[in-house]
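The data block below is work_0.tsv; it holds TSV, C-alpha atoms.
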chain	number	residue	atom	x	y	z
A	765	MET	CA	63.37	15.42	74.95
A	766	ALA	CA	62.35	19.06	75.33
A	767	GLU	CA	64.77	21.67	74.04
A	768	GLN	CA	66.73	23.42	76.78
A	769	LYS	CA	65.59	27.03	77.14
A	770	ARG	CA	68.12	29.83	76.99
A	771	ASP	CA	68.54	32.21	79.88
A	772	TYR	CA	66.05	35.09	79.51
A	773	TYR	CA	68.69	37.74	80.16
A	774	GLU	CA	70.91	36.16	77.50
A	775	VAL	CA	67.99	36.12	75.04
A	776	LEU	CA	67.48	39.88	75.43
A	777	GLY	CA	71.20	40.59	75.61
A	778	VAL	CA	71.08	42.44	78.93
A	779	GLU	CA	72.79	42.05	82.30
A	780	LYS	CA	70.89	40.66	85.29
A	781	SER	CA	71.18	44.09	86.88
A	782	ALA	CA	69.44	45.79	83.91
A	783	ASP	CA	66.59	48.13	84.81
A	784	ASP	CA	63.11	48.09	83.27
A	785	ALA	CA	63.99	50.69	80.65
A	786	ALA	CA	67.00	48.69	79.42
A	787	ILE	CA	64.95	45.48	79.23
A	788	LYS	CA	62.18	47.21	77.32
A	789	LYS	CA	64.63	48.81	74.90
A	790	ALA	CA	66.39	45.51	74.24
A	791	TYR	CA	63.11	43.71	73.57
A	792	ARG	CA	61.87	46.45	71.26
A	793	VAL	CA	64.99	46.06	69.09
A	794	LEU	CA	64.60	42.28	68.88
A	795	ALA	CA	60.84	42.43	68.28
A	796	LYS	CA	61.33	44.83	65.40
A	797	LYS	CA	64.17	42.75	63.93
A	798	TYR	CA	62.37	39.39	64.09
A	799	HIS	CA	58.83	40.66	63.63
A	800	PRO	CA	56.88	38.01	61.60
A	801	ASP	CA	55.40	40.62	59.29
A	802	MET	CA	58.93	41.74	58.41
A	803	ASN	CA	60.16	38.16	57.92
A	804	PRO	CA	57.31	36.32	56.15
A	805	GLY	CA	57.86	32.57	55.97
A	806	ASP	CA	61.07	32.73	58.05
A	807	ALA	CA	60.65	30.04	60.70
A	808	GLU	CA	63.92	30.93	62.43
A	809	ALA	CA	62.92	34.60	62.77
A	810	GLU	CA	59.52	33.57	64.16
A	811	LYS	CA	61.24	31.31	66.68
A	812	LYS	CA	63.51	34.11	67.86
A	813	PHE	CA	60.58	36.52	68.05
A	814	LYS	CA	58.66	34.07	70.29
A	815	GLU	CA	61.76	33.49	72.41
A	816	ALA	CA	62.33	37.22	72.93
A	817	SER	CA	58.63	37.80	73.68
A	818	GLU	CA	58.63	35.03	76.28
A	819	ALA	CA	61.72	36.48	77.94
A	820	TYR	CA	60.23	39.97	77.98
A	821	ALA	CA	56.91	38.76	79.38
A	822	VAL	CA	58.76	37.43	82.41
A	823	LEU	CA	61.45	40.07	82.95
A	824	SER	CA	59.07	43.02	82.46
A	825	ASP	CA	56.85	41.77	85.30
A	826	PRO	CA	58.42	42.50	88.73
A	827	GLU	CA	56.88	39.46	90.44
A	828	LYS	CA	57.65	37.04	87.60
A	829	ARG	CA	61.17	38.40	87.36
A	830	ARG	CA	61.67	37.85	91.11
A	831	GLN	CA	60.50	34.25	90.77
A	832	TYR	CA	62.70	33.67	87.73
A	833	ASP	CA	65.77	35.11	89.47
A	834	GLN	CA	65.16	32.73	92.37
A	835	TYR	CA	64.08	29.52	90.65
A	836	GLY	CA	64.92	29.98	86.96
A	837	HIS	CA	62.68	28.37	84.32
A	838	ALA	CA	61.38	25.92	86.92
A	839	ALA	CA	59.32	28.74	88.42
A	840	PHE	CA	56.93	28.57	85.47
A	841	ASP	CA	56.88	24.87	84.59
A	842	GLY	CA	53.25	23.94	84.07
A	843	ALA	CA	52.06	27.47	84.76
A	844	GLY	CA	51.01	27.93	81.14
A	845	GLY	CA	51.17	31.72	81.23
A	846	ALA	CA	54.71	32.92	81.13
A	847	GLY	CA	56.14	29.56	80.18
A	848	GLY	CA	54.31	29.25	76.87
A	849	PHE	CA	54.00	31.60	73.93
A	850	GLY	CA	50.25	31.15	73.75
A	851	GLY	CA	49.81	32.66	77.19
A	852	PHE	CA	51.10	36.15	76.33
A	853	ASP	CA	48.66	39.03	76.33
A	854	PHE	CA	49.84	41.06	73.34
A	855	ASN	CA	46.95	43.49	73.83
A	856	SER	CA	48.18	44.47	77.28
A	857	ALA	CA	49.24	48.07	77.79
A	858	ASP	CA	52.95	47.23	77.83
A	859	PHE	CA	53.00	45.11	74.67
A	860	GLY	CA	50.62	47.46	72.91
A	861	ASP	CA	52.92	50.33	73.70
A	862	ILE	CA	55.89	48.59	72.13
A	863	PHE	CA	54.07	47.27	69.08
A	864	GLY	CA	52.50	50.67	68.51
A	865	ASP	CA	56.03	52.02	68.31
A	866	ILE	CA	57.10	49.29	65.91
A	867	PHE	CA	54.17	49.73	63.56
A	868	GLY	CA	54.68	53.48	63.67
A	869	ASP	CA	58.29	52.96	62.53
A	870	LEU	CA	57.49	50.36	59.90
A	871	PHE	CA	54.45	51.92	58.31
A	872	GLY	CA	55.02	55.66	58.71
A	873	GLY	CA	52.93	56.02	61.83
A	874	GLY	CA	53.12	58.78	64.33
A	875	SER	CA	53.56	58.64	68.06
A	876	ARG	CA	52.61	55.77	70.29
A	877	ARG	CA	49.39	55.23	72.24
A	878	GLY	CA	48.07	58.72	71.76
A	879	GLY	CA	51.16	60.33	73.22
A	880	GLY	CA	52.03	62.38	70.15
A	881	ARG	CA	52.42	66.08	69.81
A	882	GLY	CA	49.02	66.60	68.21
A	883	ASN	CA	48.15	70.20	67.54
A	884	GLY	CA	50.09	71.63	70.47
A	885	PRO	CA	52.82	74.27	70.04
A	886	MET	CA	55.83	72.94	68.15
A	887	LYS	CA	59.26	74.51	67.77
A	888	GLY	CA	60.32	75.24	64.20
A	889	ALA	CA	63.06	73.33	62.43
A	890	ASN	CA	66.68	74.44	62.63
A	891	ILE	CA	68.37	75.93	59.57
A	892	ARG	CA	71.98	75.09	58.67
A	893	THR	CA	74.36	77.24	56.67
A	894	SER	CA	78.12	77.80	56.52
A	895	VAL	CA	80.62	80.63	56.54
A	896	ARG	CA	84.28	80.67	55.46
A	897	ILE	CA	86.93	82.36	57.58
A	898	SER	CA	90.73	82.55	57.57
A	899	PHE	CA	93.11	80.74	59.91
A	900	GLU	CA	93.82	83.95	61.83
A	901	GLU	CA	90.11	84.79	62.12
A	902	ALA	CA	89.53	81.38	63.68
A	903	VAL	CA	92.30	82.06	66.20
A	904	PHE	CA	91.20	85.52	67.28
A	905	GLY	CA	87.48	85.52	66.46
A	906	VAL	CA	85.65	87.66	63.95
A	907	GLU	CA	82.29	89.23	63.09
A	908	LYS	CA	80.81	88.00	59.81
A	909	GLU	CA	77.69	89.03	57.96
A	910	ILE	CA	75.76	86.34	56.11
A	911	GLU	CA	72.73	86.61	53.86
A	912	LEU	CA	70.03	83.96	53.73
A	913	THR	CA	66.32	83.57	53.14
A	914	LEU	CA	64.12	83.35	56.25
A	915	LYS	CA	60.39	82.97	56.67
A	916	ASP	CA	58.44	85.76	58.36
A	917	GLU	CA	54.81	85.86	59.40
A	918	CYS	CA	52.58	86.97	56.57
A	919	THR	CA	51.38	90.52	57.25
A	920	SER	CA	48.14	89.95	55.34
A	921	CYS	CA	46.80	86.94	57.28
A	922	HIS	CA	48.99	87.36	60.39
A	923	GLY	CA	50.21	83.78	60.10
A	924	THR	CA	46.83	82.06	59.90
A	925	GLY	CA	47.15	81.19	56.22
A	926	ALA	CA	43.49	82.12	55.67
A	927	LYS	CA	42.29	84.80	53.32
A	928	PRO	CA	41.80	88.13	55.12
A	929	GLY	CA	38.27	88.24	56.52
A	930	THR	CA	38.12	84.45	56.96
A	931	SER	CA	39.44	82.06	59.57
A	932	PRO	CA	40.72	78.48	59.60
A	933	GLU	CA	38.06	75.91	60.48
A	934	THR	CA	38.24	72.94	62.81
A	935	CYS	CA	39.36	69.80	60.99
A	936	GLY	CA	36.45	67.43	60.49
A	937	LYS	CA	38.61	64.32	60.26
A	938	CYS	CA	40.35	64.61	63.64
A	939	GLY	CA	37.93	66.97	65.38
A	940	GLY	CA	40.69	69.51	65.96
A	941	LYS	CA	42.97	67.07	67.82
A	942	GLY	CA	45.56	66.91	65.07
A	943	GLN	CA	45.73	63.12	65.34
A	944	VAL	CA	43.74	60.14	64.14
A	945	VAL	CA	43.60	56.72	65.78
A	946	PHE	CA	43.36	53.49	63.83
A	947	THR	CA	43.54	49.82	64.71
A	948	SER	CA	44.92	46.92	62.71
A	949	GLN	CA	45.01	43.16	63.08
A	950	SER	CA	48.42	41.52	63.11
A	951	PHE	CA	50.06	38.25	64.03
A	952	PHE	CA	49.85	39.14	67.70
A	953	GLY	CA	46.37	40.66	67.86
A	954	THR	CA	44.81	44.09	67.58
A	955	VAL	CA	47.26	46.97	67.49
A	956	ARG	CA	46.19	50.52	68.22
A	957	ASN	CA	48.21	53.26	66.59
A	958	VAL	CA	48.13	57.02	66.40
A	959	GLN	CA	49.09	59.11	63.37
A	960	THR	CA	49.20	62.77	62.47
A	961	CYS	CA	45.97	63.75	60.77
A	962	PRO	CA	46.54	63.70	56.99
A	963	ASP	CA	43.98	66.46	56.36
A	964	CYS	CA	45.24	69.15	58.74
A	965	HIS	CA	48.82	67.85	59.13
A	966	GLY	CA	48.55	67.97	62.91
A	967	THR	CA	47.34	71.56	63.21
A	968	GLY	CA	43.72	70.68	63.98
A	969	LYS	CA	42.62	73.34	61.50
A	970	VAL	CA	41.86	73.38	57.77
A	971	ILE	CA	41.89	76.43	55.50
A	972	LYS	CA	39.03	76.73	53.03
A	973	ASP	CA	40.06	80.08	51.52
A	974	LYS	CA	43.84	80.51	51.39
A	975	CYS	CA	45.60	83.84	51.73
A	976	PRO	CA	46.69	84.96	48.23
A	977	ASP	CA	49.93	86.49	49.51
A	978	CYS	CA	51.34	83.46	51.34
A	979	ARG	CA	49.23	80.83	49.55
A	980	GLY	CA	47.97	79.45	52.82
A	981	THR	CA	51.36	78.87	54.44
A	982	GLY	CA	51.11	81.83	56.81
A	983	TYR	CA	54.66	82.91	56.00
A	984	ILE	CA	56.52	85.03	53.47
A	985	ALA	CA	60.16	84.33	52.51
A	986	ASN	CA	62.50	87.32	52.81
A	987	LYS	CA	66.24	87.74	52.31
A	988	LYS	CA	67.98	88.94	55.44
A	989	LYS	CA	71.47	89.86	56.56
A	990	ILE	CA	72.51	88.40	59.89
A	991	GLN	CA	75.57	89.19	61.99
A	992	VAL	CA	77.44	86.13	63.22
A	993	SER	CA	79.84	86.49	66.14
A	994	ILE	CA	82.48	83.80	65.69
A	995	PRO	CA	84.36	83.24	68.96
A	996	ALA	CA	88.15	83.09	69.24
A	997	GLY	CA	89.49	79.54	69.11
A	998	ILE	CA	86.75	78.00	66.98
A	999	ASP	CA	87.90	75.07	64.85
A	1000	ASN	CA	87.02	73.85	61.40
A	1001	GLY	CA	83.61	72.15	61.27
A	1002	GLN	CA	82.30	73.59	64.53
A	1003	CYS	CA	78.99	75.48	64.59
A	1004	VAL	CA	77.78	78.77	65.97
A	1005	ARG	CA	74.15	78.62	67.14
A	1006	ILE	CA	71.97	81.71	66.73
A	1007	ARG	CA	68.75	81.36	68.67
A	1008	ASP	CA	65.34	81.94	67.07
A	1009	LYS	CA	66.65	82.45	63.53
A	1010	GLY	CA	65.43	79.14	62.12
A	1011	GLU	CA	62.09	78.03	60.67
A	1012	PRO	CA	58.94	79.43	62.31
A	1013	GLY	CA	57.19	77.23	64.83
A	1014	SER	CA	53.64	75.96	64.44
A	1015	ASN	CA	50.58	76.49	66.63
A	1016	GLY	CA	52.32	79.23	68.58
A	1017	GLY	CA	55.61	77.38	68.99
A	1018	PRO	CA	58.97	79.23	68.96
A	1019	ARG	CA	61.23	79.52	65.96
A	1020	GLY	CA	64.05	77.07	65.45
A	1021	ASP	CA	67.71	78.03	65.55
A	1022	LEU	CA	70.25	78.96	62.89
A	1023	LEU	CA	73.34	76.71	62.93
A	1024	VAL	CA	76.30	78.30	61.16
A	1025	GLU	CA	79.09	75.82	60.36
A	1026	VAL	CA	82.53	77.40	60.27
A	1027	VAL	CA	84.89	76.44	57.45
A	1028	VAL	CA	88.46	77.48	58.26
A	1029	GLY	CA	90.86	78.09	55.38
A	1030	ARG	CA	94.30	76.50	55.21
A	1031	HIS	CA	97.37	78.48	56.24
A	1032	PRO	CA	100.56	78.34	54.13
A	1033	ILE	CA	102.81	78.04	57.21
A	1034	PHE	CA	100.80	77.00	60.26
A	1035	GLN	CA	99.02	73.76	61.09
A	1036	ARG	CA	96.64	73.42	63.99
A	1037	GLN	CA	95.92	70.54	66.35
A	1038	ASP	CA	93.42	71.30	69.11
A	1039	GLU	CA	94.76	74.48	70.74
A	1040	ASN	CA	98.37	74.14	69.57
A	1041	ILE	CA	100.00	75.49	66.40
A	1042	TYR	CA	102.85	73.82	64.53
A	1043	SER	CA	105.28	75.19	61.94
A	1044	THR	CA	108.72	74.55	60.43
A	1045	VAL	CA	111.42	77.24	60.27
A	1046	PRO	CA	114.70	76.99	58.28
A	1047	MET	CA	118.06	78.11	59.68
A	1048	SER	CA	121.49	78.30	58.13
A	1049	PHE	CA	124.24	75.82	58.91
A	1050	ALA	CA	126.35	78.63	60.39
A	1051	ILE	CA	123.63	79.63	62.88
A	1052	ALA	CA	123.00	75.98	63.77
A	1053	ALA	CA	126.70	75.46	64.45
A	1054	LEU	CA	127.63	78.82	66.03
A	1055	GLY	CA	124.27	79.92	67.43
A	1056	GLY	CA	122.47	83.15	66.66
A	1057	GLU	CA	119.11	84.82	66.24
A	1058	ILE	CA	116.42	83.78	63.79
A	1059	VAL	CA	112.97	85.18	63.00
A	1060	ILE	CA	109.90	82.99	63.67
A	1061	ASP	CA	106.46	83.89	62.35
A	1062	THR	CA	103.57	83.40	64.80
A	1063	VAL	CA	99.90	84.36	64.75
A	1064	ASP	CA	100.86	87.27	67.01
A	1065	GLY	CA	103.53	88.49	64.59
A	1066	ARG	CA	107.26	87.89	64.23
A	1067	VAL	CA	109.40	86.99	67.23
A	1068	ILE	CA	113.19	86.74	67.60
A	1069	TYR	CA	114.46	83.39	68.82
A	1070	ASP	CA	118.02	82.77	70.06
A	1071	VAL	CA	119.35	79.48	68.64
A	1072	LYS	CA	121.90	77.71	70.79
A	1073	ALA	CA	125.26	76.71	69.30
A	1074	GLY	CA	125.31	73.12	68.06
A	1075	THR	CA	121.57	72.91	67.44
A	1076	GLN	CA	120.77	69.89	65.27
A	1077	THR	CA	118.26	69.81	62.44
A	1078	ASP	CA	114.67	68.81	63.40
A	1079	THR	CA	115.12	70.29	66.86
A	1080	LYS	CA	111.71	71.29	68.27
A	1081	VAL	CA	111.20	74.41	70.34
A	1082	ARG	CA	108.10	75.57	72.23
A	1083	LEU	CA	106.74	79.10	72.23
A	1084	LYS	CA	104.47	79.11	75.25
A	1085	GLY	CA	101.13	80.89	74.95
A	1086	LYS	CA	101.48	81.53	71.20
A	1087	GLY	CA	98.80	79.01	70.21
A	1088	VAL	CA	95.01	79.13	69.90
A	1089	PRO	CA	92.75	80.51	72.66
A	1090	SER	CA	90.47	78.08	74.45
A	1091	LEU	CA	86.77	78.35	73.55
A	1092	ARG	CA	85.93	78.02	77.25
A	1093	ASN	CA	88.37	80.72	78.36
A	1094	LYS	CA	89.86	83.10	75.80
A	1095	ASP	CA	92.58	84.09	78.29
A	1096	VAL	CA	94.00	80.55	78.16
A	1097	ARG	CA	95.99	79.75	75.02
A	1098	GLY	CA	97.82	76.76	73.63
A	1099	ASP	CA	101.45	76.76	72.51
A	1100	HIS	CA	103.31	77.11	69.23
A	1101	TYR	CA	105.72	74.28	68.44
A	1102	VAL	CA	108.47	75.03	65.92
A	1103	THR	CA	110.68	72.50	64.14
A	1104	LEU	CA	114.10	73.97	63.25
A	1105	VAL	CA	115.54	72.58	60.02
A	1106	VAL	CA	119.08	73.24	58.79
A	1107	GLN	CA	118.85	74.69	55.30
A	1108	VAL	CA	121.50	73.28	52.95
A	1109	PRO	CA	122.21	75.68	50.03
A	1110	ASP	CA	121.93	74.11	46.58
A	1111	LYS	CA	123.98	76.85	44.84
A	1112	LEU	CA	127.44	77.86	46.03
A	1113	SER	CA	130.07	80.23	44.61
A	1114	HIS	CA	133.64	79.00	44.06
A	1115	GLU	CA	134.75	81.01	47.07
A	1116	ALA	CA	132.06	79.43	49.25
A	1117	LYS	CA	133.03	75.97	48.08
A	1118	ASP	CA	136.69	76.59	48.92
A	1119	LEU	CA	135.79	77.85	52.37
A	1120	LEU	CA	133.60	74.79	53.00
A	1121	LYS	CA	136.46	72.51	51.97
A	1122	GLN	CA	138.74	74.30	54.38
A	1123	PHE	CA	136.13	73.99	57.08
A	1124	ASP	CA	135.76	70.28	56.39
A	1125	GLU	CA	139.50	69.82	56.72
A	1126	CYS	CA	139.52	71.75	59.99
A	1127	THR	CA	136.84	69.56	61.54
A	1128	GLY	CA	139.06	66.50	61.22
A	1129	ASP	CA	138.12	62.98	60.20
A	1130	SER	CA	135.30	62.48	62.69
A	1131	LEU	CA	132.53	62.71	60.10
A	1132	ASN	CA	131.63	60.25	57.36
A	1133	ALA	CA	134.04	60.97	54.49
A	1134	ALA	CA	135.07	58.92	51.48
A	1135	LYS	CA	138.73	58.93	52.57
A	1136	ASN	CA	137.74	57.04	55.72
A	1137	ILE	CA	136.36	54.05	53.83
A	1138	THR	CA	138.25	50.86	54.80
A	1139	SER	CA	139.80	48.36	52.42
A	1140	ASP	CA	136.54	46.38	52.49
A	1141	ALA	CA	135.08	48.98	50.17
A	1142	SER	CA	137.96	48.73	47.67
A	1143	GLU	CA	138.44	46.64	44.59
A	1144	GLU	CA	141.51	45.47	42.75
A	1145	PRO	CA	142.09	47.23	39.39
A	1146	SER	CA	143.75	45.47	36.46
A	1147	GLY	CA	147.08	47.20	37.15
A	1148	GLY	CA	147.43	45.56	40.54
A	1149	GLY	CA	146.92	48.73	42.61
A	1150	LYS	CA	143.87	49.44	44.76
A	1151	LYS	CA	141.12	51.72	43.57
A	1152	LYS	CA	138.42	53.24	45.74
A	1153	LYS	CA	134.92	52.23	44.82
A	1154	LYS	CA	132.56	55.09	44.01
A	1155	PHE	CA	128.77	54.97	44.36
A	1156	LYS	CA	126.31	57.13	42.52
A	1157	PHE	CA	122.94	57.95	44.04
As structure tokens, how would this structure be written, given the file I've shared?
Amino acid sequence: MAEQKRDYYEVLGVEKSADDAAIKKAYRVLAKKYHPDMNPGDAEAEKKFKEASEAYAVLSDPEKRRQYDQYGHAAFDGAGGAGGFGGFDFNSADFGDIFGDIFGDLFGGGSRRGGGRGNGPMKGANIRTSVRISFEEAVFGVEKEIELTLKDECTSCHGTGAKPGTSPETCGKCGGKGQVVFTSQSFFGTVRNVQTCPDCHGTGKVIKDKCPDCRGTGYIANKKKIQVSIPAGIDNGQCVRIRDKGEPGSNGGPRGDLLVEVVVGRHPIFQRQDENIYSTVPMSFAIAALGGEIVIDTVDGRVIYDVKAGTQTDTKVRLKGKGVPSLRNKDVRGDHYVTLVVQVPDKLSHEAKDLLKQFDECTGDSLNAAKNITSDASEEPSGGGKKKKKFKF
């Protein structure tokens, strides 16, 4: 009895509503994973590769997909083409496109089917560096000067890399195209692939006599000082992009960018979360009980806050608009949240102790005191009287 075939959409792991791009992407992942050349001697991998290829051969063809959606596998029973692995045309444009990609990934190839960048203008690579700033500088923004080494066009050869009086020559290997094409035989037929020319490295030109100043690179490294404008509200780990301060481009392409990562120092009092600031402020027991003014430090300076009578420890208050400015709109700021904590003194004079005892007596027996412990917390001494049990912590 023939083995029941799995649904083609299930094989590729896509929904029935998937578009052509999603189907192609799903198949490419499976073909690369179960590729026979990557799994030599693995019968199960070969089976899954054939299954995925069969599903893709049907679902990538609009007419075959329409028939499959209407009749299922029965649409191709006895047809030989889509229904059997041997009927696939792996040299077709679509399969060749995918396998060119796969071989390029596996064996260090370049772009697929001649669609590479060749010797056209290419933007230079980006450069990354970092700068350290304080908590306050991150809140309000700051100008920083950094020093780094950048490449500039060689003044002797004007960026050609050739010795003055000479010029680069057309590459004989690629004919000035910057790419070479090669074909290889694989499990599924002839595969055509395109790679960057190894002789000219994609430039289409070779230098016979190199410039002595830049050694044929076309560029000279120089130390430069660059001003970085760090905006108000930037957070730790975020980057400032400075256009055209990266590596030089090739073949007339623009320079890359400079990406400056901001490292924000810790603050001894404040903590930040998004655009809000958090801190803890101590207050005396007297102010907590009677009310009064306390001083709160903020990034804008000290402010006076009026504590209400009877304020409990760990009470949180909000200082609106005292947080961090928004990167999108510096006129919009977060808030500063303050946790008020009652400060219990650890050193008291005899006079202070007496006054506290008097205060405790005046407040009555409403609070937890040892004299309020019931008889359940007592034990019988040897003399017959009752003795209060004491606990040490």
Hey, can you pull every residue with an atom no more than 12 Å from (36.7, 88.2, 56.8), using all atoms listed in the file, and send it as a ChimeraX atom specification? /A:920-921,926-932,973-975
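If you look at atom CA of Ile1060 of chain A and atom CA of Leu1112 of chain A, they are 25.4 Å away from each other.
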Interatomic distance between atom CA of Gly888 of chain A and atom CA of Ile998 of chain A? 26.7 Å
Gap from atom CA of Glu900 of chain A to atom CA of Gln1002 of chain A - Å, one decimal: 15.7 Å
Among listed residues A:Ile1033, A:Ile897, A:Cys964, A:Val1067, nearest Ser993 of chain A (using all atoms listed in the file): A:Ile897
Once you count only C-alpha atoms, what closest atom pair and distance in Å to one decimal does each residue of segment 977-1007 of chain A within 10 Å of segment 1078-1089 of chain A have, with rows by chain and rising residue number, as JSON lines?
{"residue": "A:Pro995", "atom": "CA", "partner": "A:Pro1089", "partner_atom": "CA", "distance": 9.6}
{"residue": "A:Ala996", "atom": "CA", "partner": "A:Pro1089", "partner_atom": "CA", "distance": 6.3}
{"residue": "A:Gly997", "atom": "CA", "partner": "A:Pro1089", "partner_atom": "CA", "distance": 4.9}
{"residue": "A:Ile998", "atom": "CA", "partner": "A:Pro1089", "partner_atom": "CA", "distance": 8.6}
{"residue": "A:Asp999", "atom": "CA", "partner": "A:Val1088", "partner_atom": "CA", "distance": 9.6}
Would you pick out the contacts of Glu909 of chain A at 10 Å or less, using only C-alpha atoms, so that residues sharing its chain but fewer than 3 positions from it are not included, and give the list as a count of residues only? 6
Just need the box for segment 801-805 of chain A, edges along x, y and z, holding every atom the file lists for it with 6 Å tacked onto each side, so centre and edge lengths in Å to one decimal, as JSON.
{"center_x": 57.8, "center_y": 37.2, "center_z": 57.6, "size_x": 16.8, "size_y": 21.2, "size_z": 15.3}
Using only C-alpha atoms, which residues sit within 10 Å of Tyr820 of chain A once same-chain residues fewer than 2 positions away are excluded, as a list of chain:residue names?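 My list of contacting residues is A:Tyr772, A:Tyr773, A:Val775, A:Leu776, A:Ile787, A:Lys788, A:Ala790, A:Tyr791, A:Arg792, A:Lys814, A:Glu815, A:Ala816, A:Ser817, A:Glu818, A:Val822, A:Leu823, A:Ser824, A:Asp825, A:Arg829, A:Ala846, A:Phe859.
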Across A:Val1024, A:Gly836, A:Gly905, A:Pro800, the smallest distance to Val1004 of chain A, with all atoms listed in the file counted, is shown by A:Val1024
Give the answer as one residue: which of A:Lys812, A:Lys969, A:Lys887, A:His922 has the shortest atom-to-atom distance to Pro1012 of chain A, using all atoms listed in the file? A:Lys887
Taking into account only C-alpha atoms, which residue in the set A:Val1106, A:Leu1119, A:Ile1041, A:Val1071 is nearest to Phe899 of chain A? A:Ile1041
With distances taken over all atoms listed in the file, the candidate from A:Gly1065, A:Pro885, A:Pro1032, A:Gly925 nearest Asp977 of chain A is A:Gly925
Between A:Lys941, A:Arg896, A:Lys797, A:Arg770, which residue has the minimum interatomic distance to Arg1030 of chain A, considering only C-alpha atoms?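 Result for the nearest residue to Arg1030 of chain A: A:Arg896.
Using all atoms listed in the file, the protein and nucleic acid residues lying at most 8 Å from the point (44.3, 66.9, 59.5) are A:Cys935, A:Gly936, A:Lys937, A:Cys938, A:Gly940, A:Gly942, A:Gln943, A:Thr960, A:Cys961, A:Pro962, A:Asp963, A:Cys964, A:His965, A:Gly966, A:Thr967, A:Gly968, A:Lys969, A:Val970.
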Can you take the partial segment 966-980 of chain A, add N, CA and C atoms, and return it as a PDB file, in the frame of the given file?
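The resulting file, rebuild36.pdb, is shown below:
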ATOM      1  N   GLY A 966      48.272  67.813  61.492  1.00  0.00           N
ATOM      2  CA  GLY A 966      48.550  67.970  62.910  1.00  0.00           C
ATOM      3  C   GLY A 966      48.174  69.314  63.501  1.00  0.00           C
ATOM      4  N   THR A 967      47.679  70.235  62.685  1.00  0.00           N
ATOM      5  CA  THR A 967      47.340  71.560  63.210  1.00  0.00           C
ATOM      6  C   THR A 967      45.954  71.592  63.850  1.00  0.00           C
ATOM      7  N   GLY A 968      45.099  70.664  63.473  1.00  0.00           N
ATOM      8  CA  GLY A 968      43.720  70.680  63.980  1.00  0.00           C
ATOM      9  C   GLY A 968      42.823  71.648  63.238  1.00  0.00           C
ATOM     10  N   LYS A 969      43.385  72.353  62.255  1.00  0.00           N
ATOM     11  CA  LYS A 969      42.620  73.340  61.500  1.00  0.00           C
ATOM     12  C   LYS A 969      42.795  73.108  59.994  1.00  0.00           C
ATOM     13  N   VAL A 970      41.771  73.430  59.227  1.00  0.00           N
ATOM     14  CA  VAL A 970      41.860  73.380  57.770  1.00  0.00           C
ATOM     15  C   VAL A 970      41.470  74.756  57.217  1.00  0.00           C
ATOM     16  N   ILE A 971      42.114  75.113  56.105  1.00  0.00           N
ATOM     17  CA  ILE A 971      41.890  76.430  55.500  1.00  0.00           C
ATOM     18  C   ILE A 971      41.071  76.252  54.224  1.00  0.00           C
ATOM     19  N   LYS A 972      39.888  76.810  54.211  1.00  0.00           N
ATOM     20  CA  LYS A 972      39.030  76.730  53.030  1.00  0.00           C
ATOM     21  C   LYS A 972      39.450  77.751  51.977  1.00  0.00           C
ATOM     22  N   ASP A 973      39.633  79.007  52.419  1.00  0.00           N
ATOM     23  CA  ASP A 973      40.060  80.080  51.520  1.00  0.00           C
ATOM     24  C   ASP A 973      41.474  80.529  51.918  1.00  0.00           C
ATOM     25  N   LYS A 974      42.452  80.214  51.070  1.00  0.00           N
ATOM     26  CA  LYS A 974      43.840  80.510  51.390  1.00  0.00           C
ATOM     27  C   LYS A 974      44.193  81.960  51.110  1.00  0.00           C
ATOM     28  N   CYS A 975      45.096  82.471  51.913  1.00  0.00           N
ATOM     29  CA  CYS A 975      45.600  83.840  51.730  1.00  0.00           C
ATOM     30  C   CYS A 975      46.345  83.913  50.400  1.00  0.00           C
ATOM     31  N   PRO A 976      46.025  84.879  49.546  1.00  0.00           N
ATOM     32  CA  PRO A 976      46.690  84.960  48.230  1.00  0.00           C
ATOM     33  C   PRO A 976      48.150  85.361  48.318  1.00  0.00           C
ATOM     34  N   ASP A 977      48.545  86.030  49.400  1.00  0.00           N
ATOM     35  CA  ASP A 977      49.930  86.490  49.510  1.00  0.00           C
ATOM     36  C   ASP A 977      50.881  85.369  49.915  1.00  0.00           C
ATOM     37  N   CYS A 978      50.464  84.544  50.862  1.00  0.00           N
ATOM     38  CA  CYS A 978      51.340  83.460  51.340  1.00  0.00           C
ATOM     39  C   CYS A 978      50.894  82.093  50.861  1.00  0.00           C
ATOM     40  N   ARG A 979      49.775  82.069  50.103  1.00  0.00           N
ATOM     41  CA  ARG A 979      49.230  80.830  49.550  1.00  0.00           C
ATOM     42  C   ARG A 979      48.884  79.811  50.638  1.00  0.00           C
ATOM     43  N   GLY A 980      48.433  80.328  51.747  1.00  0.00           N
ATOM     44  CA  GLY A 980      47.970  79.450  52.820  1.00  0.00           C
ATOM     45  C   GLY A 980      49.036  78.976  53.780  1.00  0.00           C
TER      46      GLY A 980
END
